[in-house]
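Let me begin by presenting the structure, written as structure tokens, before commenting on it.
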Amino acid sequence: MWQAGGRRGVTAAICVVVPLVAGTLASRPDLGAAAALSAFTAIYGHALPYRRRAVVVAGVAGTLAAAAGLGALTGGHPVALSLVCGALAACAAVATSIWRIGPPGPIGVVLVCGGSSALGTTPSLLGGHLLAAIAGVTLAWCACMLPWLWDPTGPERRAVDAAEHAVAAVERNGLGDLRPGALATAVRTAATAMADASRRDDGSLWRRMDDVEQRFLEVLPAGPGSLPGGATPDVAPEPGPVTDHRWWHTTSVATAARLGVAAAAAGLIATAIGLHNPYWAATSAVAVQLGIGVRSTLDRAVYRAAGTVAGVLVAALIISADFPVGVQIALVGLLQLTVELLVAHKYGLAVALITPMVLTLVHIGVPARSGAELIGERLSETAIGIALGLAAGLLLFRQSASRRLPGAVSAATRATTDAARDPTAGRRLHDVLLGLSDVAVATRAELSPAPGTEAWLKRASSVADLGWALLGARARGEDHIAAAVTGRITADLGPG
């Protein structure tokens with residue numbers, strides 16, 4: 001757990017605590033809270049090598065600073081705030097898909113915008129809050145890049161370590177409960193990290209990566225003509241996204257529409273019933289739709305509902321205890337660290353800690369608002385957000401991705417076998433695999449996927465693993481690895 005989220009958690013905690021301390025010492029806790037919210041930038045990009053991380057985190061920083069400014073500007077206008085949160089959720093969903101930014105995805109943009117709106121900014125204070133937000137994202141960018149000074153190859157080395165560990169475990173014990181897809185993901189993540197590796201590597205990481213890929217191909221179970229686990233798709237392939245280039249037919253647009261409509265509608269309903277600040281309703285509507293597996297949105301809705309109730313109770317204890325502000329700041333930092341440690345493995349527990357963290361942070365920035373007022377609003381807004389998020393997931397484009405998945409898998413299979421025979425077909429394979437990835441990600445977020453989806457997702461993972469392995473080996477000039485992958489493609493997918 002520490003290996004997965006410890007560095008990110010420590011960085012994020014420091015980036016939240018420092019602005020809060022500075023704002024308190026300057027007798028401007030509102031500015032400290034504004035900077036701390038924007039410093040959520042620090043939770044992005046930690047798995048990326050530093051060259052790519054610098055660009056990605058800078059883009060996230062600019063986006064979150066703009067979101068903070070929009071939140072501060074619309075804080076006194078709940079209808080406008082609701083619409084802005086919806087628009088940000090939709091745009092962020094498309095952007096994270098196009099630029100493949102990774103977790104936590106669009107939720108961060110909505111949270112920063114909404115949290116900034118809750119700080120009670122007036123037009124005369126807008127400039128100060130915007131400067132505070134810029135300071136917060138700058139601090140976060142520097143903190144994310146700082147380890148480069150003493151460990152320039154750290155991200156790629158850790159990725160290779162994880163891949164080695166996964167392959168070694170299979171060599172010792174067989175697959176056991178480990179899915180082939182999980183093993184392949186660890187290896188592919190390491191290969192992707194090495195593609196952007198630091199030039200300071202002396203070649204040892206490349207040699208280790210070469211060894212890992214060879215061992216991976218030896219332990220990966222064969223599956224000629226079948227799906228992992230013996231599953232068989234029972235849905236006829238349909239034309240995939242690679243044959244349809246109209247932007248409004250892409251899966252990212254459907255996902256963006258669901259997120260944007262749900263966020264805006266949740267905020268507007270919260271406003272209509274008289275809640276003071278509707279941003280948490282919009283945040284909840286987005287959060288419950290960010291699934292990580294088939295039907296996981298329902299699981300996340302349950303986790304978020306239960307976690308929020310527990311989190312509100314924790315927040316009530318913290319705020320009613322009337323701790324000194326220094327203790328409250330320390331608790332915010334501790335909660336941020338714990339959230340990052342837990343979010344990948346214990347989502348419900350992490351949600352239970354996100355709620356008091358944000359509530360306490362806003363309370364530090366606006367201590368005049370009573371804890372009872374904040375807590376009551378949070379419960380009401382969460383219920384509205386969950387209801388609207390589920391409604392959007394069930395009613396809007398409910399199977400738009402899963403019905404396109406068979407065609408995307410079939411296209412990727414053909415492109416992979418073509419590239420195995422003809423190295424000049426690599427560019428097309430790259431584009432088709434990106435399209436398959438988009439469809440698979442969108443499919444996993446659907447509440448009610450089309451019949452046979454789980455089997456097609458397994459097939460998609462197998463095809464993508466072989467396709468990316470082939471492209472990676474050829475890009476690195478590793479002819480022996482490319483030959484071995486080509487053999488696996490012929491055995492598992494057919495000669496084409």
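Labels used: A, B, ... for chains in the order of the structure tokens, numbers from 1 for residues in each chain, and numbers from 1 for ligands as shown.
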Review point. Using only C-alpha atoms, which residues sit within 8 Å of Leu388 (chain A) once same-chain residues fewer than 2 positions away are excluded, as a PyMOL selection string?
Key: chain A and resi 262-263+265-266+285+384-386+390-392
**Study point:** Every residue of region 341-420 of chain A that DSSP places in helix (DSSP H, G or I), as a ChimeraX atom specification
**Key:** /A:341-342,347-365,371-395,405-420
Exercise for review: Give me, please, the distance in Å between CA of Ala352 (chain A) and CA of Arg378 (chain A), quoted to one decimal.
Suggested key: 12.5 Å
Contacts of Leu466 (chain A) within 7 Å, only C-alpha atoms, excl. fewer than 4 positions in-chain, as an mmCIF file with C-alpha atoms, in the first residue's frame:
```cif
data_model
loop_
_atom_site.group_PDB
_atom_site.id
_atom_site.type_symbol
_atom_site.label_atom_id
_atom_site.label_comp_id
_atom_site.auth_asym_id
_atom_site.auth_seq_id
_atom_site.Cartn_x
_atom_site.Cartn_y
_atom_site.Cartn_z
ATOM 1 C CA SER A 462 -5.356 -9.997 -24.365
ATOM 2 C CA LEU A 470 4.913 -5.949 -30.444
ATOM 3 C CA VAL A 485 5.711 -11.745 -29.559
ATOM 4 C CA ILE A 489 0.261 -13.486 -31.843
#
```
Point to revise | Nearest to Val219 (chain A) by atom-to-atom distance, counting only C-alpha atoms, from A:Gly267, A:Ser402, A:Arg199, A:Arg488 | key: A:Arg488
Review point. Near Ala143 (chain A), within 8 Å and counting only C-alpha atoms, which residues show up once chain neighbours fewer than 5 positions away are dropped, as a ChimeraX atom specification?
Key: /A:11,15,42
